[in-house]
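So this one's work-v4.pdb, PDB, C-alpha atoms and all ligand atoms:
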```pdb
ATOM      1  CA  MET A  30       0.000   0.000   0.000  1.00  0.00           C
ATOM      2  CA  LYS A  31       1.244   3.445  -0.897  1.00  0.00           C
ATOM      3  CA  THR A  32       1.781   5.769   2.073  1.00  0.00           C
ATOM      4  CA  ILE A  33       2.032   9.531   1.635  1.00  0.00           C
ATOM      5  CA  VAL A  34       2.952  11.783   4.565  1.00  0.00           C
ATOM      6  CA  ILE A  35       1.250  15.175   4.777  1.00  0.00           C
ATOM      7  CA  ILE A  36       2.938  17.880   6.861  1.00  0.00           C
ATOM      8  CA  PRO A  37       1.013  21.142   7.373  1.00  0.00           C
ATOM      9  CA  ALA A  38       3.549  23.856   8.050  1.00  0.00           C
ATOM     10  CA  LEU A  39       3.417  27.501   8.951  1.00  0.00           C
ATOM     11  CA  ASN A  40       6.800  29.140   9.506  1.00  0.00           C
ATOM     12  CA  GLU A  41       8.684  25.991  10.476  1.00  0.00           C
ATOM     13  CA  GLU A  42      12.030  26.727   8.810  1.00  0.00           C
ATOM     14  CA  GLY A  43      14.008  25.638  11.873  1.00  0.00           C
ATOM     15  CA  ALA A  44      12.728  22.068  11.884  1.00  0.00           C
ATOM     16  CA  ILE A  45      11.267  21.230   8.486  1.00  0.00           C
ATOM     17  CA  ALA A  46      14.378  20.071   6.584  1.00  0.00           C
ATOM     18  CA  ASP A  47      15.516  17.599   9.239  1.00  0.00           C
ATOM     19  CA  LEU A  48      11.947  16.398   9.655  1.00  0.00           C
ATOM     20  CA  VAL A  49      11.461  15.765   5.929  1.00  0.00           C
ATOM     21  CA  ARG A  50      14.766  13.922   5.637  1.00  0.00           C
ATOM     22  CA  ALA A  51      14.030  11.723   8.651  1.00  0.00           C
ATOM     23  CA  THR A  52      10.543  11.002   7.306  1.00  0.00           C
ATOM     24  CA  LEU A  53      11.894   9.950   3.903  1.00  0.00           C
ATOM     25  CA  GLU A  54      14.100   7.387   5.668  1.00  0.00           C
ATOM     26  CA  GLN A  55      10.923   5.559   6.660  1.00  0.00           C
ATOM     27  CA  GLN A  56       8.923   3.260   4.408  1.00  0.00           C
ATOM     28  CA  VAL A  57       6.838   5.942   2.748  1.00  0.00           C
ATOM     29  CA  GLU A  58       6.258   6.722  -0.895  1.00  0.00           C
ATOM     30  CA  GLY A  59       6.380  10.484  -0.523  1.00  0.00           C
ATOM     31  CA  VAL A  60       6.247  13.542   1.734  1.00  0.00           C
ATOM     32  CA  ILE A  61       4.035  16.524   0.985  1.00  0.00           C
ATOM     33  CA  VAL A  62       4.687  19.716   2.917  1.00  0.00           C
ATOM     34  CA  VAL A  63       1.771  22.117   2.710  1.00  0.00           C
ATOM     35  CA  ASP A  64       3.101  25.596   3.125  1.00  0.00           C
ATOM     36  CA  ASN A  65       0.318  27.655   4.642  1.00  0.00           C
ATOM     37  CA  GLY A  66       1.602  31.075   3.633  1.00  0.00           C
ATOM     38  CA  SER A  67       4.876  30.987   5.551  1.00  0.00           C
ATOM     39  CA  SER A  68       6.901  34.178   5.556  1.00  0.00           C
ATOM     40  CA  ASP A  69      10.150  32.302   6.151  1.00  0.00           C
ATOM     41  CA  ASP A  70      12.090  29.688   4.120  1.00  0.00           C
ATOM     42  CA  THR A  71       9.900  26.710   5.033  1.00  0.00           C
ATOM     43  CA  ALA A  72       8.908  25.977   1.418  1.00  0.00           C
ATOM     44  CA  ASP A  73      12.406  26.059  -0.089  1.00  0.00           C
ATOM     45  CA  LEU A  74      13.976  24.096   2.735  1.00  0.00           C
ATOM     46  CA  ALA A  75      11.261  21.433   2.508  1.00  0.00           C
ATOM     47  CA  ALA A  76      11.670  21.121  -1.261  1.00  0.00           C
ATOM     48  CA  ASN A  77      15.458  20.866  -1.002  1.00  0.00           C
ATOM     49  CA  ALA A  78      15.082  18.136   1.608  1.00  0.00           C
ATOM     50  CA  GLY A  79      13.011  16.070  -0.838  1.00  0.00           C
ATOM     51  CA  ALA A  80       9.388  16.978  -0.131  1.00  0.00           C
ATOM     52  CA  LEU A  81       6.761  17.880  -2.673  1.00  0.00           C
ATOM     53  CA  VAL A  82       5.698  21.357  -1.584  1.00  0.00           C
ATOM     54  CA  VAL A  83       2.120  22.452  -2.055  1.00  0.00           C
ATOM     55  CA  SER A  84       1.047  25.988  -1.319  1.00  0.00           C
ATOM     56  CA  GLU A  85      -2.264  26.745   0.404  1.00  0.00           C
ATOM     57  CA  ARG A  86      -2.799  30.406   1.063  1.00  0.00           C
ATOM     58  CA  ARG A  87      -6.029  30.091   3.039  1.00  0.00           C
ATOM     59  CA  ARG A  88      -4.859  30.025   6.653  1.00  0.00           C
ATOM     60  CA  GLY A  89      -5.942  27.097   8.727  1.00  0.00           C
ATOM     61  CA  TYR A  90      -4.676  23.703   9.787  1.00  0.00           C
ATOM     62  CA  GLY A  91      -7.627  22.008   8.059  1.00  0.00           C
ATOM     63  CA  PHE A  92      -7.141  23.910   4.803  1.00  0.00           C
ATOM     64  CA  ALA A  93      -3.518  22.839   4.785  1.00  0.00           C
ATOM     65  CA  CYS A  94      -4.340  19.188   5.489  1.00  0.00           C
ATOM     66  CA  ALA A  95      -7.067  19.194   2.817  1.00  0.00           C
ATOM     67  CA  ALA A  96      -4.671  20.638   0.241  1.00  0.00           C
ATOM     68  CA  GLY A  97      -2.260  17.827   1.060  1.00  0.00           C
ATOM     69  CA  VAL A  98      -5.000  15.246   0.605  1.00  0.00           C
ATOM     70  CA  SER A  99      -5.864  16.674  -2.830  1.00  0.00           C
ATOM     71  CA  ALA A 100      -2.218  16.503  -3.845  1.00  0.00           C
ATOM     72  CA  ALA A 101      -1.903  12.878  -2.718  1.00  0.00           C
ATOM     73  CA  ALA A 102      -4.488  11.519  -5.122  1.00  0.00           C
ATOM     74  CA  ASP A 103      -2.877   8.107  -5.603  1.00  0.00           C
ATOM     75  CA  ALA A 104      -2.136   7.328  -1.936  1.00  0.00           C
ATOM     76  CA  ASP A 105      -3.690   4.359  -0.133  1.00  0.00           C
ATOM     77  CA  ILE A 106      -2.685   5.596   3.323  1.00  0.00           C
ATOM     78  CA  LEU A 107      -2.434   9.233   4.375  1.00  0.00           C
ATOM     79  CA  LEU A 108      -0.334  10.050   7.388  1.00  0.00           C
ATOM     80  CA  PHE A 109      -0.441  13.445   9.123  1.00  0.00           C
ATOM     81  CA  LEU A 110       2.549  14.825  10.973  1.00  0.00           C
ATOM     82  CA  ASP A 111       3.189  18.286  12.479  1.00  0.00           C
ATOM     83  CA  GLY A 112       5.911  20.407  10.904  1.00  0.00           C
ATOM     84  CA  ASP A 113       7.759  21.332  14.101  1.00  0.00           C
ATOM     85  CA  TYR A 114       9.321  17.882  14.697  1.00  0.00           C
ATOM     86  CA  SER A 115       7.358  17.296  17.917  1.00  0.00           C
ATOM     87  CA  SER A 116       6.503  13.798  16.685  1.00  0.00           C
ATOM     88  CA  LEU A 117       9.083  11.255  15.608  1.00  0.00           C
ATOM     89  CA  PRO A 118       9.089   9.813  12.080  1.00  0.00           C
ATOM     90  CA  GLU A 119      10.453   6.616  13.662  1.00  0.00           C
ATOM     91  CA  ASP A 120       6.916   6.016  14.953  1.00  0.00           C
ATOM     92  CA  ILE A 121       5.507   5.836  11.401  1.00  0.00           C
ATOM     93  CA  PRO A 122       5.475   2.007  11.205  1.00  0.00           C
ATOM     94  CA  LYS A 123       3.361   1.850  14.380  1.00  0.00           C
ATOM     95  CA  LEU A 124       0.769   4.071  12.701  1.00  0.00           C
ATOM     96  CA  VAL A 125       0.633   2.500   9.253  1.00  0.00           C
ATOM     97  CA  ASP A 126       1.163  -1.186  10.015  1.00  0.00           C
ATOM     98  CA  PRO A 127      -2.330  -1.812  11.477  1.00  0.00           C
ATOM     99  CA  ILE A 128      -3.810  -0.428   8.223  1.00  0.00           C
ATOM    100  CA  LYS A 129      -1.431  -2.453   6.062  1.00  0.00           C
ATOM    101  CA  ARG A 130      -2.335  -5.575   8.009  1.00  0.00           C
ATOM    102  CA  GLY A 131      -6.013  -4.859   7.317  1.00  0.00           C
ATOM    103  CA  GLU A 132      -6.801  -4.411  11.021  1.00  0.00           C
ATOM    104  CA  ALA A 133      -7.649  -0.689  11.130  1.00  0.00           C
ATOM    105  CA  ASP A 134      -8.969   2.172   9.003  1.00  0.00           C
ATOM    106  CA  LEU A 135      -7.811   5.024  11.249  1.00  0.00           C
ATOM    107  CA  VAL A 136      -4.819   4.802  13.566  1.00  0.00           C
ATOM    108  CA  LEU A 137      -4.329   7.530  16.161  1.00  0.00           C
ATOM    109  CA  GLY A 138      -1.074   8.245  17.923  1.00  0.00           C
ATOM    110  CA  SER A 139      -1.640   8.586  21.674  1.00  0.00           C
ATOM    111  CA  ARG A 140       0.942  10.569  23.539  1.00  0.00           C
ATOM    112  CA  PHE A 141      -0.481   9.528  26.892  1.00  0.00           C
ATOM    113  CA  LEU A 142       0.085   5.872  26.026  1.00  0.00           C
ATOM    114  CA  GLY A 143       3.562   6.737  24.775  1.00  0.00           C
ATOM    115  CA  HIS A 144       6.149   9.161  26.054  1.00  0.00           C
ATOM    116  CA  ILE A 145       5.862  12.909  26.618  1.00  0.00           C
ATOM    117  CA  GLU A 146       9.061  14.877  27.030  1.00  0.00           C
ATOM    118  CA  PRO A 147       8.983  16.947  30.244  1.00  0.00           C
ATOM    119  CA  GLY A 148       7.465  20.362  29.451  1.00  0.00           C
ATOM    120  CA  ALA A 149       6.203  19.321  26.021  1.00  0.00           C
ATOM    121  CA  MET A 150       2.526  19.348  26.958  1.00  0.00           C
ATOM    122  CA  PRO A 151       1.300  22.207  29.140  1.00  0.00           C
ATOM    123  CA  LEU A 152      -1.227  21.438  31.849  1.00  0.00           C
ATOM    124  CA  HIS A 153      -4.175  23.077  30.064  1.00  0.00           C
ATOM    125  CA  GLN A 154      -3.454  20.985  26.957  1.00  0.00           C
ATOM    126  CA  ARG A 155      -3.254  17.803  29.036  1.00  0.00           C
ATOM    127  CA  PHE A 156      -6.600  18.582  30.593  1.00  0.00           C
ATOM    128  CA  GLY A 157      -8.196  19.563  27.268  1.00  0.00           C
ATOM    129  CA  ASN A 158      -7.022  16.387  25.597  1.00  0.00           C
ATOM    130  CA  TRP A 159      -8.137  14.253  28.514  1.00  0.00           C
ATOM    131  CA  LEU A 160     -11.593  15.853  28.566  1.00  0.00           C
ATOM    132  CA  SER A 161     -12.052  15.584  24.803  1.00  0.00           C
ATOM    133  CA  ALA A 162     -10.990  11.953  24.784  1.00  0.00           C
ATOM    134  CA  TRP A 163     -13.390  11.217  27.654  1.00  0.00           C
ATOM    135  CA  LEU A 164     -16.228  12.845  25.706  1.00  0.00           C
ATOM    136  CA  MET A 165     -15.378  10.828  22.617  1.00  0.00           C
ATOM    137  CA  ARG A 166     -15.421   7.621  24.599  1.00  0.00           C
ATOM    138  CA  ARG A 167     -18.772   8.537  26.126  1.00  0.00           C
ATOM    139  CA  LEU A 168     -20.487   9.907  23.031  1.00  0.00           C
ATOM    140  CA  TYR A 169     -18.980   7.774  20.267  1.00  0.00           C
ATOM    141  CA  HIS A 170     -17.690   4.699  22.106  1.00  0.00           C
ATOM    142  CA  MET A 171     -14.339   5.401  20.558  1.00  0.00           C
ATOM    143  CA  PRO A 172     -11.345   3.774  22.281  1.00  0.00           C
ATOM    144  CA  VAL A 173      -9.254   6.932  22.594  1.00  0.00           C
ATOM    145  CA  THR A 174      -7.080   8.498  25.281  1.00  0.00           C
ATOM    146  CA  ASP A 175      -5.710  11.502  23.382  1.00  0.00           C
ATOM    147  CA  LEU A 176      -6.442  13.890  20.505  1.00  0.00           C
ATOM    148  CA  GLY A 177      -3.044  14.162  18.898  1.00  0.00           C
ATOM    149  CA  PRO A 178      -2.171  15.358  15.407  1.00  0.00           C
ATOM    150  CA  TYR A 179      -0.141  12.256  14.494  1.00  0.00           C
ATOM    151  CA  ARG A 180      -2.408   9.782  12.714  1.00  0.00           C
ATOM    152  CA  ALA A 181      -2.808   7.550   9.666  1.00  0.00           C
ATOM    153  CA  ILE A 182      -5.997   6.888   7.746  1.00  0.00           C
ATOM    154  CA  ARG A 183      -7.061   4.886   4.716  1.00  0.00           C
ATOM    155  CA  SER A 184      -7.400   7.452   1.956  1.00  0.00           C
ATOM    156  CA  ASP A 185     -10.684   5.986   0.684  1.00  0.00           C
ATOM    157  CA  LEU A 186     -12.164   6.455   4.153  1.00  0.00           C
ATOM    158  CA  LEU A 187     -10.926  10.037   4.484  1.00  0.00           C
ATOM    159  CA  ARG A 188     -12.273  10.967   1.056  1.00  0.00           C
ATOM    160  CA  ALA A 189     -15.661   9.520   2.008  1.00  0.00           C
ATOM    161  CA  LEU A 190     -15.841  11.652   5.164  1.00  0.00           C
ATOM    162  CA  ASP A 191     -16.544  14.860   3.203  1.00  0.00           C
ATOM    163  CA  MET A 192     -14.504  17.013   5.553  1.00  0.00           C
ATOM    164  CA  GLN A 193     -15.926  20.468   6.283  1.00  0.00           C
ATOM    165  CA  GLU A 194     -13.871  21.827   9.194  1.00  0.00           C
ATOM    166  CA  MET A 195     -11.034  23.790   7.652  1.00  0.00           C
ATOM    167  CA  THR A 196      -9.321  25.117  10.756  1.00  0.00           C
ATOM    168  CA  PHE A 197      -8.862  23.717  14.257  1.00  0.00           C
ATOM    169  CA  GLY A 198     -11.759  21.268  13.969  1.00  0.00           C
ATOM    170  CA  TRP A 199     -10.249  19.086  11.241  1.00  0.00           C
ATOM    171  CA  PRO A 200      -8.689  16.354  13.443  1.00  0.00           C
ATOM    172  CA  THR A 201     -11.821  16.064  15.578  1.00  0.00           C
ATOM    173  CA  GLU A 202     -14.133  15.914  12.562  1.00  0.00           C
ATOM    174  CA  MET A 203     -12.045  13.085  11.137  1.00  0.00           C
ATOM    175  CA  MET A 204     -12.398  11.091  14.343  1.00  0.00           C
ATOM    176  CA  VAL A 205     -16.096  11.574  14.992  1.00  0.00           C
ATOM    177  CA  LYS A 206     -17.141  11.002  11.384  1.00  0.00           C
ATOM    178  CA  ALA A 207     -15.011   7.868  11.164  1.00  0.00           C
ATOM    179  CA  ALA A 208     -16.608   6.616  14.379  1.00  0.00           C
ATOM    180  CA  LYS A 209     -20.105   7.293  13.067  1.00  0.00           C
ATOM    181  CA  ARG A 210     -19.286   5.195   9.999  1.00  0.00           C
ATOM    182  CA  HIS A 211     -18.145   2.376  12.307  1.00  0.00           C
ATOM    183  CA  ALA A 212     -14.621   2.544  10.942  1.00  0.00           C
ATOM    184  CA  ARG A 213     -12.043   0.476  12.794  1.00  0.00           C
ATOM    185  CA  ILE A 214     -10.196   2.952  15.014  1.00  0.00           C
ATOM    186  CA  VAL A 215      -7.030   1.957  16.836  1.00  0.00           C
ATOM    187  CA  GLU A 216      -4.688   3.897  19.116  1.00  0.00           C
ATOM    188  CA  VAL A 217      -0.962   3.287  19.309  1.00  0.00           C
ATOM    189  CA  PRO A 218       1.614   4.833  21.672  1.00  0.00           C
ATOM    190  CA  VAL A 219       3.751   7.621  20.193  1.00  0.00           C
ATOM    191  CA  SER A 220       6.419   9.948  21.516  1.00  0.00           C
ATOM    192  CA  TRP A 221       5.913  13.678  21.868  1.00  0.00           C
ATOM    193  CA  ARG A 222       8.540  16.303  22.496  1.00  0.00           C
ATOM    194  CA  LEU A 223       8.946  20.055  22.533  1.00  0.00           C
ATOM    195  CA  ARG A 224       8.897  21.716  19.149  1.00  0.00           C
ATOM    196  CA  ARG A 225      12.480  21.777  17.892  1.00  0.00           C
ATOM    197  CA  ALA A 226      12.430  25.397  16.702  1.00  0.00           C
ATOM    198  CA  GLY A 227      10.151  28.271  15.847  1.00  0.00           C
ATOM    199  CA  LYS A 228       7.042  29.589  17.530  1.00  0.00           C
ATOM    200  CA  SER A 229       3.954  27.847  18.837  1.00  0.00           C
ATOM    201  CA  LYS A 230       0.715  28.804  17.099  1.00  0.00           C
ATOM    202  CA  ILE A 231      -1.714  26.677  19.064  1.00  0.00           C
ATOM    203  CA  SER A 232      -1.096  25.194  22.501  1.00  0.00           C
ATOM    204  CA  GLY A 233       1.585  27.677  23.505  1.00  0.00           C
ATOM    205  CA  THR A 234      -0.657  30.686  22.920  1.00  0.00           C
ATOM    206  CA  VAL A 235      -3.821  31.756  24.738  1.00  0.00           C
ATOM    207  CA  ARG A 236      -5.677  32.494  21.502  1.00  0.00           C
ATOM    208  CA  GLY A 237      -4.636  29.228  19.845  1.00  0.00           C
ATOM    209  CA  SER A 238      -5.529  27.175  22.924  1.00  0.00           C
ATOM    210  CA  ALA A 239      -8.925  28.826  23.298  1.00  0.00           C
ATOM    211  CA  LEU A 240      -9.763  28.342  19.634  1.00  0.00           C
ATOM    212  CA  ALA A 241      -8.585  24.727  19.651  1.00  0.00           C
ATOM    213  CA  ALA A 242     -10.696  23.952  22.735  1.00  0.00           C
ATOM    214  CA  TRP A 243     -13.739  25.681  21.247  1.00  0.00           C
ATOM    215  CA  TYR A 244     -13.522  23.783  17.969  1.00  0.00           C
ATOM    216  CA  ILE A 245     -12.674  20.405  19.462  1.00  0.00           C
ATOM    217  CA  LEU A 246     -15.545  20.516  21.956  1.00  0.00           C
ATOM    218  CA  GLY A 247     -17.932  22.108  19.460  1.00  0.00           C
ATOM    219  CA  VAL A 248     -17.337  19.525  16.755  1.00  0.00           C
ATOM    220  CA  THR A 249     -17.441  16.651  19.248  1.00  0.00           C
ATOM    221  CA  LEU A 250     -20.830  17.746  20.588  1.00  0.00           C
ATOM    222  CA  ARG A 251     -22.323  18.837  17.250  1.00  0.00           C
ATOM    223  CA  TYR A 252     -21.805  15.535  15.460  1.00  0.00           C
ATOM    224  CA  ALA A 253     -23.064  13.608  18.471  1.00  0.00           C
ATOM    225  CA  VAL A 254     -26.546  15.077  18.003  1.00  0.00           C
ATOM    226  CA  LYS A 255     -26.527  15.234  14.175  1.00  0.00           C
TER     227      LYS A 255
HETATM  228  N1  LIG B 301      -1.269  25.068   7.786  1.00  0.00           N
HETATM  229  C1  LIG B 301      -1.297  25.577   8.956  1.00  0.00           C
HETATM  230  N2  LIG B 301      -0.571  24.986   9.769  1.00  0.00           N
HETATM  231  C2  LIG B 301      -0.567  25.477  10.944  1.00  0.00           C
HETATM  232  C3  LIG B 301      -1.329  26.584  11.327  1.00  0.00           C
HETATM  233  N3  LIG B 301      -1.070  26.790  12.577  1.00  0.00           N
HETATM  234  C4  LIG B 301      -0.210  25.828  12.919  1.00  0.00           C
HETATM  235  N4  LIG B 301       0.108  25.069  11.916  1.00  0.00           N
HETATM  236  C5  LIG B 301       0.971  23.891  11.838  1.00  0.00           C
HETATM  237  O1  LIG B 301       0.297  22.901  12.550  1.00  0.00           O
HETATM  238  C6  LIG B 301       1.204  22.243  13.394  1.00  0.00           C
HETATM  239  C7  LIG B 301       0.785  22.426  14.838  1.00  0.00           C
HETATM  240  O2  LIG B 301       0.967  23.782  15.240  1.00  0.00           O
HETATM  241  P1  LIG B 301       1.851  24.131  16.534  1.00  0.00           P
HETATM  242  O3  LIG B 301       2.122  25.591  16.532  1.00  0.00           O
HETATM  243  O4  LIG B 301       3.022  23.222  16.562  1.00  0.00           O
HETATM  244  O5  LIG B 301       0.859  23.800  17.705  1.00  0.00           O
HETATM  245  P2  LIG B 301       1.172  23.019  19.028  1.00  0.00           P
HETATM  246  O6  LIG B 301       1.859  21.735  18.680  1.00  0.00           O
HETATM  247  O7  LIG B 301      -0.109  22.953  19.755  1.00  0.00           O
HETATM  248  O8  LIG B 301       2.150  24.007  19.785  1.00  0.00           O
HETATM  249  P3  LIG B 301       3.668  23.739  20.241  1.00  0.00           P
HETATM  250  O9  LIG B 301       3.571  22.968  21.503  1.00  0.00           O
HETATM  251  O10 LIG B 301       4.342  25.029  20.441  1.00  0.00           O
HETATM  252  O11 LIG B 301       4.350  22.982  19.151  1.00  0.00           O
HETATM  253  C8  LIG B 301       2.587  22.785  13.036  1.00  0.00           C
HETATM  254  O12 LIG B 301       3.131  21.972  12.028  1.00  0.00           O
HETATM  255  C9  LIG B 301       2.286  24.152  12.493  1.00  0.00           C
HETATM  256  O13 LIG B 301       3.255  24.608  11.573  1.00  0.00           O
HETATM  257  C10 LIG B 301      -2.135  27.212  10.388  1.00  0.00           C
HETATM  258  O14 LIG B 301      -2.844  28.183  10.576  1.00  0.00           O
HETATM  259  N5  LIG B 301      -2.064  26.642   9.204  1.00  0.00           N
HETATM  260 MG    MG B 302       3.640  21.712  17.797  1.00  0.00          MG
END
```

When written as structure tokens, how does the structure in this file appear?
Amino acid sequence: MKTIVIIPALNEEGAIADLVRATLEQQVEGVIVVDNGSSDDTADLAANAGALVVSERRRGYGFACAAGVSAAADADILLFLDGDYSSLPEDIPKLVDPIKRGEADLVLGSRFLGHIEPGAMPLHQRFGNWLSAWLMRRLYHMPVTDLGPYRAIRSDLLRALDMQEMTFGWPTEMMVKAAKRHARIVEVPVSWRLRRAGKSKISGTVRGSALAAWYILGVTLRYAVK
């Protein structure tokens, strides 16, 4: 099965080249970096490191992920990875193997089941992730402990989900819609560490954290009653 890695990136010039190179050392057929209007050298550094660079000017994590999905038309498995090198490409086999073995349709990396570098997940983010995962277990009977960005999904499933959330709600929408379709969802332990360089846009900022919480909880509750 053909695996394509999609990396949404906004001003990640300090980490992106090493991340792309390390990702290409894994058993993947390609790496797409979606440059979401960076004002730094993210795009050039990613291309020089061997990634296919796609540009998406509409700001938003979901817009960037969706642009990557469109560019990966012939993939069987789509794997999402943050551009700041917080997740380790060495964990890729754990995420894709259950799909390759035909045992899962969506594989979620859980940082709580794996290893979190000291200081890499602030307390409010720990609580938010715990609460969201609890809600997902209660409302969707989904076996999850975390809402991390590191995940792999069968591309035919993702394309069938008709994704609408184009900002912070994208990862949550993927999970709840997959659950409603009775997709096979599996969690595997992954490592999580501090971003290697650059600035936080989400959990390290008040605005980003508030927006992420609003969208995650909103999408979780909305699809539960739909
Ligand atoms: N495309 C796109 N990507 C974004 C946007 N905001 C953040 N990102 C990327 O999404 C990923 C997650 O953002 P981060 O800023 O690392 O958020 P975080 O992991 O909660 O915060 P840190 O703990 O500081 O790393 C990174 O790869 C960012 O470059 C955005 O508006 N558009
Ligand atoms: Mg990060």

For this session: Can you pull out every residue within 12 Å of Arg188 of chain A, counting only C-alpha atoms, but drop anything in the same chain fewer than 6 positions away, and send it as a list in words?
Result: Ala95, Val98, Ser99, Ala101, Ala102, Asp103, Ala104, Asp105, Ile106, Leu107, Ile182, Met203, Lys206 and Ala207 of chain A

Exercise. Got a sec: who's within 9 Å of segment 68-82 of chain A, counting all atoms listed in the file, leaving out chain neighbours fewer than 3 positions off, as a ChimeraX atom specification?
Worked result: /A:38-50,53,59-64

Polymer residues at most 8 Å from (-7.6, 13.3, 21.2) by only C-alpha atoms, as a PDB file with C-alpha atoms, in the coordinates of the input:
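Now in selection.pdb:
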```pdb
ATOM      1  CA  SER A 139      -1.640   8.586  21.674  1.00  0.00           C
ATOM      2  CA  ASN A 158      -7.022  16.387  25.597  1.00  0.00           C
ATOM      3  CA  TRP A 159      -8.137  14.253  28.514  1.00  0.00           C
ATOM      4  CA  SER A 161     -12.052  15.584  24.803  1.00  0.00           C
ATOM      5  CA  ALA A 162     -10.990  11.953  24.784  1.00  0.00           C
ATOM      6  CA  VAL A 173      -9.254   6.932  22.594  1.00  0.00           C
ATOM      7  CA  THR A 174      -7.080   8.498  25.281  1.00  0.00           C
ATOM      8  CA  ASP A 175      -5.710  11.502  23.382  1.00  0.00           C
ATOM      9  CA  LEU A 176      -6.442  13.890  20.505  1.00  0.00           C
ATOM     10  CA  GLY A 177      -3.044  14.162  18.898  1.00  0.00           C
ATOM     11  CA  THR A 201     -11.821  16.064  15.578  1.00  0.00           C
TER      12      THR A 201
END
```

For this session: Tell me which of A:Arg183, A:Arg166, A:Arg88, A:Arg130 sits closest to ligand LIG 301 (chain B), counting only C-alpha atoms and all ligand atoms.
Result: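 Closest to ligand LIG 301 (chain B) of all the choices is A:Arg88.
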
Exercise. Can you list, as a PyMOL selection string, every protein, DNA or RNA residue that comes within 12 Å of Trp221 of chain A when you count all atoms listed in the file, leaving out same-chain residues fewer than 6 positions away?
Worked result: chain A and resi 110-111+113-120+138-150+175+177-179

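Between atom O2 of ligand LIG 301 (chain B) and atom CA of Ala242 of chain A lies a distance of 13.9 Å.
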
Exercise. Quick one, how far is atom CA of Val125 of chain A from atom CA of Ala181 of chain A?
Worked result: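 Separating atom CA of Val125 of chain A from atom CA of Ala181 of chain A is a distance of 6.1 Å.
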
Exercise. Taking into account only C-alpha atoms, which residue in the set A:Val34, A:Val217, A:Leu250, A:Ala239 is nearest to His153 of chain A?
Worked result: A:Ala239

Tell me which residues the PyMOL selection byres (((chain A and resi 211-214) around 12) and not hetatm) grabs here, as a PDB file with C-alpha atoms, keeping the file's coordinate frame.
```
ATOM      1  CA  LEU A 124       0.769   4.071  12.701  1.00  0.00           C
ATOM      2  CA  PRO A 127      -2.330  -1.812  11.477  1.00  0.00           C
ATOM      3  CA  ILE A 128      -3.810  -0.428   8.223  1.00  0.00           C
ATOM      4  CA  GLY A 131      -6.013  -4.859   7.317  1.00  0.00           C
ATOM      5  CA  GLU A 132      -6.801  -4.411  11.021  1.00  0.00           C
ATOM      6  CA  ALA A 133      -7.649  -0.689  11.130  1.00  0.00           C
ATOM      7  CA  ASP A 134      -8.969   2.172   9.003  1.00  0.00           C
ATOM      8  CA  LEU A 135      -7.811   5.024  11.249  1.00  0.00           C
ATOM      9  CA  VAL A 136      -4.819   4.802  13.566  1.00  0.00           C
ATOM     10  CA  LEU A 137      -4.329   7.530  16.161  1.00  0.00           C
ATOM     11  CA  GLY A 138      -1.074   8.245  17.923  1.00  0.00           C
ATOM     12  CA  ARG A 166     -15.421   7.621  24.599  1.00  0.00           C
ATOM     13  CA  TYR A 169     -18.980   7.774  20.267  1.00  0.00           C
ATOM     14  CA  HIS A 170     -17.690   4.699  22.106  1.00  0.00           C
ATOM     15  CA  MET A 171     -14.339   5.401  20.558  1.00  0.00           C
ATOM     16  CA  PRO A 172     -11.345   3.774  22.281  1.00  0.00           C
ATOM     17  CA  VAL A 173      -9.254   6.932  22.594  1.00  0.00           C
ATOM     18  CA  ARG A 180      -2.408   9.782  12.714  1.00  0.00           C
ATOM     19  CA  ALA A 181      -2.808   7.550   9.666  1.00  0.00           C
ATOM     20  CA  ILE A 182      -5.997   6.888   7.746  1.00  0.00           C
ATOM     21  CA  ARG A 183      -7.061   4.886   4.716  1.00  0.00           C
ATOM     22  CA  ASP A 185     -10.684   5.986   0.684  1.00  0.00           C
ATOM     23  CA  LEU A 186     -12.164   6.455   4.153  1.00  0.00           C
ATOM     24  CA  LEU A 187     -10.926  10.037   4.484  1.00  0.00           C
ATOM     25  CA  ALA A 189     -15.661   9.520   2.008  1.00  0.00           C
ATOM     26  CA  LEU A 190     -15.841  11.652   5.164  1.00  0.00           C
ATOM     27  CA  MET A 203     -12.045  13.085  11.137  1.00  0.00           C
ATOM     28  CA  MET A 204     -12.398  11.091  14.343  1.00  0.00           C
ATOM     29  CA  VAL A 205     -16.096  11.574  14.992  1.00  0.00           C
ATOM     30  CA  LYS A 206     -17.141  11.002  11.384  1.00  0.00           C
ATOM     31  CA  ALA A 207     -15.011   7.868  11.164  1.00  0.00           C
ATOM     32  CA  ALA A 208     -16.608   6.616  14.379  1.00  0.00           C
ATOM     33  CA  LYS A 209     -20.105   7.293  13.067  1.00  0.00           C
ATOM     34  CA  ARG A 210     -19.286   5.195   9.999  1.00  0.00           C
ATOM     35  CA  VAL A 215      -7.030   1.957  16.836  1.00  0.00           C
ATOM     36  CA  GLU A 216      -4.688   3.897  19.116  1.00  0.00           C
ATOM     37  CA  VAL A 217      -0.962   3.287  19.309  1.00  0.00           C
TER      38      VAL A 217
END
```

Exercise. With all atoms listed in the file as the basis for distance, which of A:Lys129, A:Arg167, A:Arg224, A:Lys123 is at the shortest distance from ligand MG 302 (chain B)?
Worked result: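 With all atoms listed in the file as the atom set, the closest residue is A:Arg224.
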
Taking all listed atoms of segment 197-207 of chain A, build the axis-aligned box, pad each of the six sides by 8 Å, then write its centre and edge lengths in Å to one decimal as lines of an AutoDock Vina configuration file.
```
center_x = -12.9
center_y = 15.8
center_z = 13.4
size_x = 24.5
size_y = 31.8
size_z = 20.4
```

For this session: Would you please work out which residue, of A:Pro151, A:Phe92, A:Asp126, A:Arg222, is nearest to Met30 of chain A when using only C-alpha atoms?
Result: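 Distance minimum relative to Met30 of chain A lands on A:Asp126.
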